[in-house]
file data_0.txt (compact mmCIF, C-alpha atoms)
# COMPACT_ATOMS: atom_id res chain seq x y z
CA MET A 4 -5.83 17.21 -33.48
CA ILE A 5 -6.60 14.47 -30.94
CA SER A 6 -9.95 12.90 -31.59
CA ARG A 7 -12.61 12.85 -28.88
CA LEU A 8 -12.69 9.04 -28.95
CA GLY A 9 -8.90 8.68 -28.89
CA LEU A 10 -8.44 10.99 -25.94
CA GLY A 11 -11.29 9.31 -24.11
CA LEU A 12 -9.72 5.89 -24.57
CA LEU A 13 -6.36 7.24 -23.41
CA LEU A 14 -7.90 8.60 -20.21
CA ALA A 15 -9.83 5.39 -19.63
CA ALA A 16 -6.63 3.36 -19.94
CA ALA A 17 -4.93 5.60 -17.40
CA LEU A 18 -7.81 5.29 -14.95
CA LEU A 19 -8.23 1.53 -15.32
CA SER A 20 -4.52 0.86 -14.83
CA ILE A 21 -4.64 1.90 -11.18
CA SER A 22 -5.11 -1.62 -9.79
CA ALA A 23 -1.94 -2.89 -11.41
CA ARG A 24 0.10 0.23 -10.63
CA ALA A 25 -0.88 0.26 -6.98
CA GLN A 26 0.87 -3.07 -6.43
CA ASN A 27 4.26 -1.37 -6.72
CA PRO A 28 5.05 1.48 -4.31
CA GLN A 29 5.66 4.56 -6.45
CA ASP A 30 5.59 8.27 -6.12
CA VAL A 31 1.91 8.98 -5.54
CA SER A 32 2.29 12.66 -6.29
CA THR A 33 3.88 12.01 -9.67
CA TYR A 34 1.22 9.49 -10.67
CA CYS A 35 -1.62 11.79 -9.63
CA THR A 36 -0.04 14.64 -11.59
CA TYR A 37 0.06 12.43 -14.67
CA LEU A 38 -3.55 11.34 -14.13
CA LEU A 39 -4.88 14.85 -13.57
CA GLU A 40 -3.04 16.24 -16.61
CA GLN A 41 -4.72 13.60 -18.77
CA ALA A 42 -8.10 14.50 -17.26
CA GLN A 43 -7.54 18.23 -17.77
CA ALA A 44 -6.74 17.63 -21.42
CA GLN A 45 -10.01 15.70 -21.81
CA ARG A 46 -11.89 18.37 -19.81
CA ASP A 47 -10.63 21.20 -22.04
CA PHE A 48 -11.44 19.14 -25.12
CA LEU A 49 -15.02 18.53 -24.00
CA ARG A 50 -15.93 22.04 -22.86
CA THR A 51 -14.43 23.88 -25.84
CA PRO A 52 -16.88 24.57 -28.72
CA THR A 53 -16.15 22.77 -31.97
CA ALA A 54 -15.62 25.12 -34.91
CA SER A 55 -16.60 24.07 -38.43
CA ALA A 56 -16.59 25.60 -41.89
CA GLY A 57 -17.53 24.40 -45.36
CA LEU A 58 -19.40 24.87 -48.59
CA THR A 59 -22.97 23.76 -49.13
CA GLN A 60 -25.08 23.46 -52.23
CA PRO A 61 -28.78 23.41 -51.37
CA GLU A 62 -30.75 20.81 -53.35
CA THR A 63 -33.47 23.35 -54.11
CA GLY A 64 -31.28 25.00 -56.73
CA LEU A 65 -30.28 27.94 -54.56
CA PRO A 66 -26.78 29.41 -54.96
CA THR A 67 -23.75 27.81 -53.26
CA GLN A 68 -23.12 29.04 -49.74
CA VAL A 69 -20.12 29.07 -47.41
CA VAL A 70 -21.00 28.17 -43.83
CA ALA A 71 -18.98 28.80 -40.67
CA GLY A 72 -20.01 28.27 -37.08
CA ALA A 73 -19.45 26.56 -33.74
CA SER A 74 -21.33 23.96 -31.73
CA LEU A 75 -21.34 22.83 -28.13
CA GLY A 76 -23.32 20.15 -26.35
CA LEU A 77 -24.53 20.46 -22.77
CA ALA A 78 -23.68 16.79 -22.17
CA ASP A 79 -20.05 17.50 -23.06
CA VAL A 80 -19.94 20.39 -20.58
CA LYS A 81 -21.24 18.04 -17.89
CA LYS A 82 -18.73 15.38 -18.91
CA ALA A 83 -15.89 17.90 -18.60
CA ALA A 84 -16.62 18.44 -14.90
CA LEU A 85 -17.31 14.75 -14.25
CA THR A 86 -14.06 13.75 -15.96
CA MET A 87 -12.11 15.75 -13.37
CA GLN A 88 -14.11 14.17 -10.57
CA VAL A 89 -13.30 10.69 -11.89
CA ALA A 90 -9.59 11.55 -12.05
CA GLN A 91 -9.62 12.93 -8.49
CA LYS A 92 -11.43 9.85 -7.20
CA ASN A 93 -8.90 7.63 -8.97
CA CYS A 94 -6.04 9.58 -7.42
CA ALA A 95 -7.56 9.13 -3.95
CA LEU A 96 -8.05 5.43 -4.68
CA TYR A 97 -4.45 5.08 -5.79
CA LYS A 98 -3.18 6.72 -2.59
CA SER A 99 -5.29 4.56 -0.28
CA THR A 100 -4.54 1.40 -2.25
CA THR A 101 -0.80 2.05 -2.18
CA SER A 102 -0.85 2.68 1.58
CA ALA A 103 -2.85 -0.48 2.25
CA VAL A 104 -0.72 -2.60 -0.09
CA GLN A 105 2.52 -1.34 1.47
CA GLN A 106 1.20 -2.00 4.97
CA ALA A 107 0.17 -5.56 4.08
CA GLN A 108 3.37 -6.21 2.12
CA TYR A 109 5.91 -4.86 4.59
CA ALA A 110 4.25 -5.27 8.01
CA ALA A 111 5.99 -8.60 8.62
CA ALA A 112 9.34 -7.14 7.55
CA VAL A 113 8.93 -4.14 9.86
CA LEU A 114 8.10 -6.35 12.83
CA GLU A 115 10.98 -8.70 12.02
CA LYS A 116 13.47 -5.85 11.81
CA ASP A 117 12.21 -4.46 15.11
CA ALA A 118 12.59 -7.90 16.72
CA LEU A 119 16.14 -8.25 15.38
CA LEU A 120 17.10 -4.80 16.70
CA ASN A 121 15.72 -5.84 20.08
CA ARG A 122 17.80 -9.02 19.85
CA ILE A 123 20.94 -6.92 19.38
CA THR A 124 20.05 -5.12 22.61
CA LEU A 125 19.61 -8.45 24.40
CA ILE A 126 22.97 -9.66 23.09
CA ASP A 127 24.64 -6.45 24.33
CA GLN A 128 23.13 -6.98 27.78
CA ALA A 129 24.27 -10.60 27.86
CA SER A 130 27.77 -9.60 26.71
CA THR A 131 28.04 -7.07 29.54
CA GLN A 132 27.07 -9.70 32.11
CA LEU A 133 29.45 -12.21 30.55
CA ASP A 134 32.31 -9.69 30.66
CA ALA A 135 31.74 -9.21 34.40
CA LEU A 136 31.75 -12.98 34.93
CA MET A 137 34.94 -13.36 32.87
CA ASP A 138 36.65 -10.57 34.81
CA LYS A 139 35.78 -12.30 38.04
CA THR A 140 37.08 -15.64 36.73
CA GLN A 141 40.25 -13.96 35.40
CA LYS A 142 41.00 -12.55 38.86
CA MET A 143 40.41 -15.94 40.42
CA LEU A 144 42.75 -17.49 37.86
CA ALA A 145 45.43 -14.98 38.80
CA GLU A 146 44.92 -16.02 42.42
CA GLN A 147 45.10 -19.67 41.32
CA ASN A 148 41.52 -20.26 42.53
CA ALA A 149 40.29 -21.15 39.02
CA THR A 150 41.50 -23.08 35.99
CA ARG A 151 42.04 -21.97 32.41
CA LEU A 152 39.42 -24.53 31.38
CA MET A 153 36.84 -22.56 33.36
CA LEU A 154 37.82 -19.39 31.51
CA PHE A 155 37.78 -21.20 28.16
CA SER A 156 34.16 -22.29 28.64
CA LEU A 157 33.22 -18.63 29.07
CA GLU A 158 35.25 -17.73 25.98
CA THR A 159 33.15 -20.27 24.07
CA THR A 160 30.02 -18.46 25.19
CA ARG A 161 31.50 -15.14 24.02
CA ILE A 162 32.15 -16.67 20.59
CA LYS A 163 28.50 -17.78 20.43
CA LEU A 164 27.32 -14.29 21.37
CA GLU A 165 29.50 -12.61 18.74
CA ALA A 166 28.37 -15.10 16.10
CA ASP A 167 24.75 -14.41 17.07
CA ARG A 168 25.39 -10.66 16.85
CA THR A 169 26.95 -10.94 13.39
CA ASP A 170 24.16 -13.18 12.12
CA THR A 171 21.50 -10.83 13.49
CA GLN A 172 23.17 -7.77 11.95
CA SER A 173 23.33 -9.56 8.59
CA LYS A 174 19.60 -10.30 8.77
CA ILE A 175 18.84 -6.67 9.61
CA ALA A 176 20.89 -5.47 6.64
CA ALA A 177 19.01 -7.85 4.32
CA ILE A 178 15.56 -6.56 5.30
CA TYR A 179 13.95 -3.69 3.39
CA ALA A 180 11.36 -2.12 5.66
CA PRO A 181 10.04 1.30 4.54
CA GLN A 182 8.37 3.79 6.84
CA LEU A 183 4.72 2.73 7.00
CA SER A 184 1.65 4.78 7.77
CA ASP A 185 0.59 5.02 11.42
CA THR A 186 -3.02 4.56 10.34
CA PRO A 187 -4.31 1.10 11.36
CA LEU A 188 -4.50 -1.38 8.51
CA LYS A 189 -8.24 -1.90 9.05
CA ASP A 190 -8.78 1.85 8.55
CA LEU A 191 -6.59 1.89 5.43
CA LEU A 192 -8.64 -1.00 4.09
CA THR A 193 -11.90 0.82 4.83
CA GLN A 194 -10.57 3.95 3.09
CA LYS A 195 -9.60 1.88 0.06
CA GLN A 196 -13.00 0.21 -0.18
CA ASN A 197 -14.80 3.54 0.25
CA ASN A 198 -12.63 5.11 -2.45
CA GLU A 199 -13.32 2.19 -4.77
CA ALA A 200 -17.06 2.73 -4.34
CA ALA A 201 -16.66 6.49 -4.83
CA GLU A 202 -14.58 5.97 -7.96
CA GLN A 203 -17.17 3.63 -9.46
CA GLN A 204 -19.98 6.04 -8.66
CA ALA A 205 -18.09 8.89 -10.34
CA GLN A 206 -17.44 6.71 -13.38
CA ASP A 207 -21.12 5.74 -13.38
CA ARG A 208 -22.20 9.40 -13.43
CA LEU A 209 -19.79 10.09 -16.28
CA ASN A 210 -21.12 7.19 -18.34
CA ARG A 211 -24.72 8.32 -17.84
CA GLN A 212 -24.01 11.59 -19.65
CA SER A 213 -23.79 9.68 -22.94
CA ASN A 214 -27.52 8.92 -22.77
CA TRP A 215 -28.65 12.44 -23.67
CA ASP A 216 -27.49 15.73 -25.11
CA ILE A 217 -28.73 19.25 -25.81
CA ALA A 218 -26.54 20.80 -28.50
CA LEU A 219 -26.41 24.46 -29.57
CA GLN A 220 -25.04 25.40 -32.98
CA VAL A 221 -24.56 28.99 -34.14
CA GLY A 222 -22.81 30.57 -37.13
CA VAL A 223 -23.19 32.48 -40.36
CA HIS A 224 -23.72 31.55 -43.97
CA GLN A 225 -22.75 33.59 -46.98
CA GLN A 226 -24.00 33.14 -50.50
CA VAL A 227 -21.02 32.64 -52.82
CA ASN A 228 -22.33 32.93 -56.40
CA PRO A 229 -23.69 35.51 -56.77
CA VAL A 230 -22.23 37.06 -53.62
CA ALA A 231 -24.90 38.34 -51.27
CA ASN A 232 -24.54 41.64 -49.54
CA ASP A 233 -24.32 40.49 -45.93
CA PRO A 234 -23.65 37.18 -44.16
CA GLN A 235 -26.75 35.75 -42.58
CA PRO A 236 -26.61 34.34 -39.05
CA TYR A 237 -28.20 31.06 -38.16
CA GLY A 238 -28.72 29.02 -35.01
CA ALA A 239 -30.05 25.60 -34.13
CA VAL A 240 -30.83 23.59 -31.00
CA SER A 241 -30.99 19.81 -31.08
CA VAL A 242 -32.04 17.39 -28.35
CA SER A 243 -31.08 13.73 -28.28
CA TYR A 244 -32.05 11.00 -25.85
CA ASN A 245 -31.22 7.30 -25.87
CA LEU A 246 -34.42 5.30 -25.51
CA GLY A 247 -32.52 2.58 -23.66
CA SER A 248 -31.28 4.96 -20.96
CA HIS A 249 -33.28 3.37 -18.16
CA ALA A 250 -31.92 -0.10 -18.88
CA ILE A 251 -28.39 1.26 -19.40
CA ASP A 252 -28.41 3.11 -16.07
CA ARG A 253 -29.70 0.00 -14.30
CA HIS A 254 -26.83 -2.07 -15.70
CA LEU A 255 -24.30 0.61 -14.74
CA ASP A 256 -25.58 0.60 -11.15
CA ARG A 257 -25.35 -3.18 -11.00
CA ALA A 258 -21.87 -3.08 -12.46
CA ALA A 259 -20.71 -0.65 -9.76
CA ALA A 260 -22.17 -2.86 -7.02
CA ALA A 261 -20.66 -6.01 -8.55
CA TYR A 262 -17.26 -4.32 -8.75
CA GLY A 263 -17.29 -3.67 -5.02
CA ASP A 264 -18.28 -7.27 -4.29
CA TRP A 265 -15.55 -8.56 -6.61
CA LYS A 266 -12.81 -6.49 -4.97
CA LYS A 267 -13.72 -7.97 -1.57
CA VAL A 268 -13.14 -11.56 -2.72
CA GLU A 269 -10.43 -11.09 -5.35
CA GLU A 270 -7.52 -13.39 -4.43
CA GLY A 271 -4.85 -10.95 -5.53
CA ASP A 272 -6.43 -7.89 -3.93
CA VAL A 273 -5.22 -6.28 -0.74
CA VAL A 274 -8.41 -7.37 1.07
CA ARG A 275 -7.40 -10.99 0.70
CA ASN A 276 -3.75 -10.25 1.40
CA VAL A 277 -4.68 -8.60 4.69
CA GLU A 278 -6.61 -11.68 5.76
CA ILE A 279 -3.62 -13.86 4.83
CA LEU A 280 -1.34 -11.58 6.86
CA ARG A 281 -3.64 -11.83 9.89
CA GLN A 282 -3.65 -15.62 9.72
CA GLN A 283 0.15 -15.70 9.38
CA PHE A 284 0.55 -13.55 12.50
CA ILE A 285 -1.86 -15.77 14.44
CA ASP A 286 0.17 -18.83 13.42
CA ASN A 287 3.39 -17.06 14.45
CA ILE A 288 1.90 -16.30 17.85
CA SER A 289 1.13 -19.98 18.36
CA VAL A 290 4.70 -20.96 17.43
CA ASP A 291 6.28 -18.29 19.65
CA GLU A 292 4.07 -19.20 22.61
CA THR A 293 5.13 -22.85 22.35
CA LYS A 294 8.76 -21.79 22.05
CA LEU A 295 8.48 -19.49 25.07
CA GLN A 296 6.94 -22.23 27.19
CA SER A 297 9.81 -24.58 26.34
CA LEU A 298 12.45 -21.94 27.04
CA THR A 299 10.82 -21.04 30.35
CA LYS A 300 11.01 -24.66 31.51
CA GLN A 301 14.67 -24.83 30.54
CA ILE A 302 15.61 -21.68 32.40
CA GLN A 303 13.68 -22.87 35.44
CA GLN A 304 15.84 -26.00 35.49
CA ILE A 305 18.97 -23.87 35.21
CA ASP A 306 17.78 -21.65 38.07
CA ALA A 307 17.20 -24.74 40.20
CA ASN A 308 20.72 -25.98 39.49
CA LEU A 309 22.17 -22.54 40.18
CA ALA A 310 20.44 -22.49 43.53
CA ALA A 311 22.25 -25.72 44.40
CA VAL A 312 25.65 -24.12 43.72
CA SER A 313 24.87 -20.56 44.71
CA ASN A 314 27.93 -20.48 47.01
CA PRO A 315 30.53 -22.65 45.29
CA ASP A 316 33.38 -23.68 47.57
CA THR A 317 35.31 -25.80 45.11
CA SER A 318 36.71 -25.17 41.65
CA ALA A 319 34.43 -27.82 40.19
CA ALA A 320 31.36 -26.21 41.74
CA MET A 321 32.50 -22.80 40.48
CA ASP A 322 33.04 -24.19 36.99
CA PHE A 323 29.54 -25.69 37.05
CA ASN A 324 28.15 -22.35 38.25
CA ASN A 325 29.89 -20.50 35.41
CA GLN A 326 28.59 -22.92 32.80
CA LEU A 327 25.05 -22.63 34.13
CA THR A 328 25.29 -18.85 34.20
CA ALA A 329 26.59 -18.75 30.62
CA ALA A 330 23.80 -21.06 29.46
CA LYS A 331 21.28 -18.86 31.26
CA LEU A 332 22.60 -15.78 29.44
CA LEU A 333 22.01 -17.50 26.09
CA LEU A 334 18.54 -18.63 27.15
CA GLN A 335 17.66 -15.12 28.33
CA ILE A 336 18.34 -13.84 24.82
CA GLU A 337 15.96 -16.40 23.33
CA ILE A 338 13.30 -15.74 25.98
CA GLY A 339 13.61 -11.97 25.54
CA ASP A 340 13.40 -12.39 21.76
CA ALA A 341 10.29 -14.61 21.92
CA THR A 342 8.63 -12.34 24.49
CA HIS A 343 9.24 -9.24 22.37
CA ARG A 344 7.93 -10.95 19.23
CA LEU A 345 4.77 -12.08 21.01
CA ALA A 346 4.13 -8.61 22.42
CA SER A 347 4.68 -7.00 19.01
CA LEU A 348 2.37 -9.45 17.23
CA HIS A 349 -0.40 -9.07 19.81
CA ALA A 350 -0.12 -5.28 19.67
CA TYR A 351 -0.15 -5.24 15.86
CA ILE A 352 -3.19 -7.51 15.64
CA ALA A 353 -5.07 -5.50 18.26
CA LYS A 354 -4.40 -2.24 16.43
CA ASN A 355 -4.74 -3.29 12.81
CA PHE A 356 -7.41 -5.99 12.61
call {"tool": "encode", "arguments": {"input": "data_0.txt", "output": "structure tokens"}}
result
Amino acid sequence: MISRLGLGLLLAAALLSISARAQNPQDVSTYCTYLLEQAQAQRDFLRTPTASAGLTQPETGLPTQVVAGASLGLADVKKAALTMQVAQKNCALYKSTTSAVQQAQYAAAVLEKDALLNRITLIDQASTQLDALMDKTQKMLAEQNATRLMLFSLETTRIKLEADRTDTQSKIAAIYAPQLSDTPLKDLLTQKQNNEAAEQQAQDRLNRQSNWDIALQVGVHQQVNPVANDPQPYGAVSVSYNLGSHAIDRHLDRAAAAYGDWKKVEEGDVVRNVEILRQQFIDNISVDETKLQSLTKQIQQIDANLAAVSNPDTSAAMDFNNQLTAAKLLLQIEIGDATHRLASLHAYIAKNF
């Protein structure tokens, strides 16, 4: 038979392990099933009367008696219900913690994968435009109005585009980005903190039940030697109260409040990780804005040069026009990539922080 203390320690270990378990995305349903089964075992243990039997020899010289009965404490009945509440609060805390941790852990990966997929689209668009330019140059070469060197420079640009495509696809394949909750990160964080407070309050109420008890014991006793005619029933009610209950409850309340304060500043907790993520995104925005400004200046220079050779009438001018156009296609990919990243970061920050 599992002892009351042993089962209680087993449940406590399961409930206190939630912080460590929530750091690894796992099947929430399976974990909650495990947690609730442990709590139900403790609940059934607490609310079931304890049966006892034995022999007693009164000191007054009366005959030996056999005693059998059952006892149940009101505090245990209360603990049975509160134990289930603690388990349910822990399950809710585990769910909200896992969602918040996953969001903070994989948000950057999700945004990066989205940016890389957008880059593939930009490369496809640039390749289509380059193909049109190469077809035009190929026709001019057939008419002897262009040189093979002009076509080769465009082939070089195609090689760069294909290399960029392959590199981007490799990066996409290397990124693990699970499906995240649509709930804003700030709301997930609030849910987690509220569930932490609720879990501590439930645990506090459970601990308070150890300060008092009203126990009922009923049974029968039968004289053994000589054997009496009929068993005699007996009953007893006992009341217990811990004289330090007021001080104990005060410390439990302070402990619950201190736990909430600790979770807000804990370096390894999701609260701190979310703040680190926000700062990283702000830094990324600064870098991308600087990059976009530089790229914009470069493409403006290319546009100015293209305007000077908008109607090329010599092979040299046409070659220069092709090279500028090819360079512009490559720059457009970088500008489109930086613009998309900036928009995604601004949108994520606005929604989640």
call {"tool": "closest_residue", "arguments": {"input": "data_0.txt", "among": "A:Ile352, A:Val70, A:Leu157, A:Ala330", "to": "Gln301 in chain A", "atoms": "all atoms listed in the file"}}
result
A:Ala330
call {"tool": "atom_distance", "arguments": {"input": "data_0.txt", "atom1": "CA of Tyr34 in chain A", "atom2": "CA of Lys98 in chain A"}}
result
9.6 Å
call {"tool": "residues_around", "arguments": {"input": "data_0.txt", "residues": "Ala259 in chain A", "least_positions_apart": "5", "cutoff": "9 Å", "atoms": "only C-alpha atoms", "output": "list in words"}}
result
Ala200, Gln203, Gln204, Gln206, Asp207, His254 and Asp264 of chain A
call {"tool": "write_last_selection", "arguments": {"input": "data_0.txt", "atoms": "C-alpha atoms", "output": "compact mmCIF listing (two decimals), in the frame of the given file"}}
result
# COMPACT_ATOMS: atom_id res chain seq x y z
CA ALA A 200 -17.06 2.73 -4.34
CA GLN A 203 -17.17 3.63 -9.46
CA GLN A 204 -19.98 6.04 -8.66
CA GLN A 206 -17.44 6.71 -13.38
CA ASP A 207 -21.12 5.74 -13.38
CA HIS A 254 -26.83 -2.07 -15.70
CA ASP A 264 -18.28 -7.27 -4.29
call {"tool": "residues_around", "arguments": {"input": "data_0.txt", "residues": "Pro315 in chain A", "least_positions_apart": "4", "cutoff": "8 Å", "atoms": "all atoms listed in the file", "output": "list in words"}}
result
Ala320, Met321 and Asn324 of chain A
call {"tool": "closest_residue", "arguments": {"input": "data_0.txt", "among": "A:Arg208, A:Arg344, A:Lys116, A:Lys354", "to": "Ser173 in chain A", "atoms": "all atoms listed in the file"}}
result
A:Lys116
call {"tool": "atom_distance", "arguments": {"input": "data_0.txt", "atom1": "CA of Leu154 in chain A", "atom2": "CA of Leu327 in chain A"}}
result
13.4 Å
call {"tool": "atom_distance", "arguments": {"input": "data_0.txt", "atom1": "CA of Asp134 in chain A", "atom2": "CA of Ala166 in chain A"}}
result
16.0 Å
call {"tool": "residues_near_point", "arguments": {"input": "data_0.txt", "point": "(20.8, -9.1, 28.0)", "cutoff": "12 Å", "atoms": "all atoms listed in the file", "output": "PyMOL selection string"}}
result
chain A and resi 121-134+164+329+331-340
call {"tool": "closest_residue", "arguments": {"input": "data_0.txt", "among": "A:Ser289, A:Ser313, A:Gln326, A:Gln60", "to": "His349 in chain A", "atoms": "all atoms listed in the file"}}
result
A:Ser289
call {"tool": "closest_residue", "arguments": {"input": "data_0.txt", "among": "A:Val113, A:Gly247, A:Asn325, A:Leu209", "to": "Ala135 in chain A", "atoms": "all atoms listed in the file"}}
result
A:Asn325
call {"tool": "closest_residue", "arguments": {"input": "data_0.txt", "among": "A:Leu120, A:Ala73, A:Ala56, A:Leu144", "to": "Ala239 in chain A", "atoms": "all atoms listed in the file"}}
result
A:Ala73
call {"tool": "residues_around", "arguments": {"input": "data_0.txt", "residues": "Ile288 in chain A", "least_positions_apart": "4", "cutoff": "10 Å", "atoms": "only C-alpha atoms", "output": "PyMOL selection string"}}
result
chain A and resi 282-284+292-294+341+344-349
call {"tool": "residues_around", "arguments": {"input": "data_0.txt", "residues": "Pro234 in chain A", "least_positions_apart": "2", "cutoff": "7 Å", "atoms": "all atoms listed in the file", "output": "PDB file with C-alpha atoms, in the frame of the given file"}}
result
ATOM      1  CA  VAL A 223     -23.190  32.480 -40.360  1.00  0.00           C
ATOM      2  CA  HIS A 224     -23.720  31.550 -43.970  1.00  0.00           C
ATOM      3  CA  GLN A 225     -22.750  33.590 -46.980  1.00  0.00           C
ATOM      4  CA  PRO A 236     -26.610  34.340 -39.050  1.00  0.00           C
TER       5      PRO A 236
END
call {"tool": "closest_residue", "arguments": {"input": "data_0.txt", "among": "A:Gln226, A:Asn308, A:Gln91, A:Gln220", "to": "Ala205 in chain A", "atoms": "all atoms listed in the file"}}
result
A:Gln91
call {"tool": "residues_around", "arguments": {"input": "data_0.txt", "residues": "Leu255 in chain A", "least_positions_apart": "3", "cutoff": "9 Å", "atoms": "only C-alpha atoms", "output": "PyMOL selection string"}}
result
chain A and resi 207+210-211+250-252+258-260
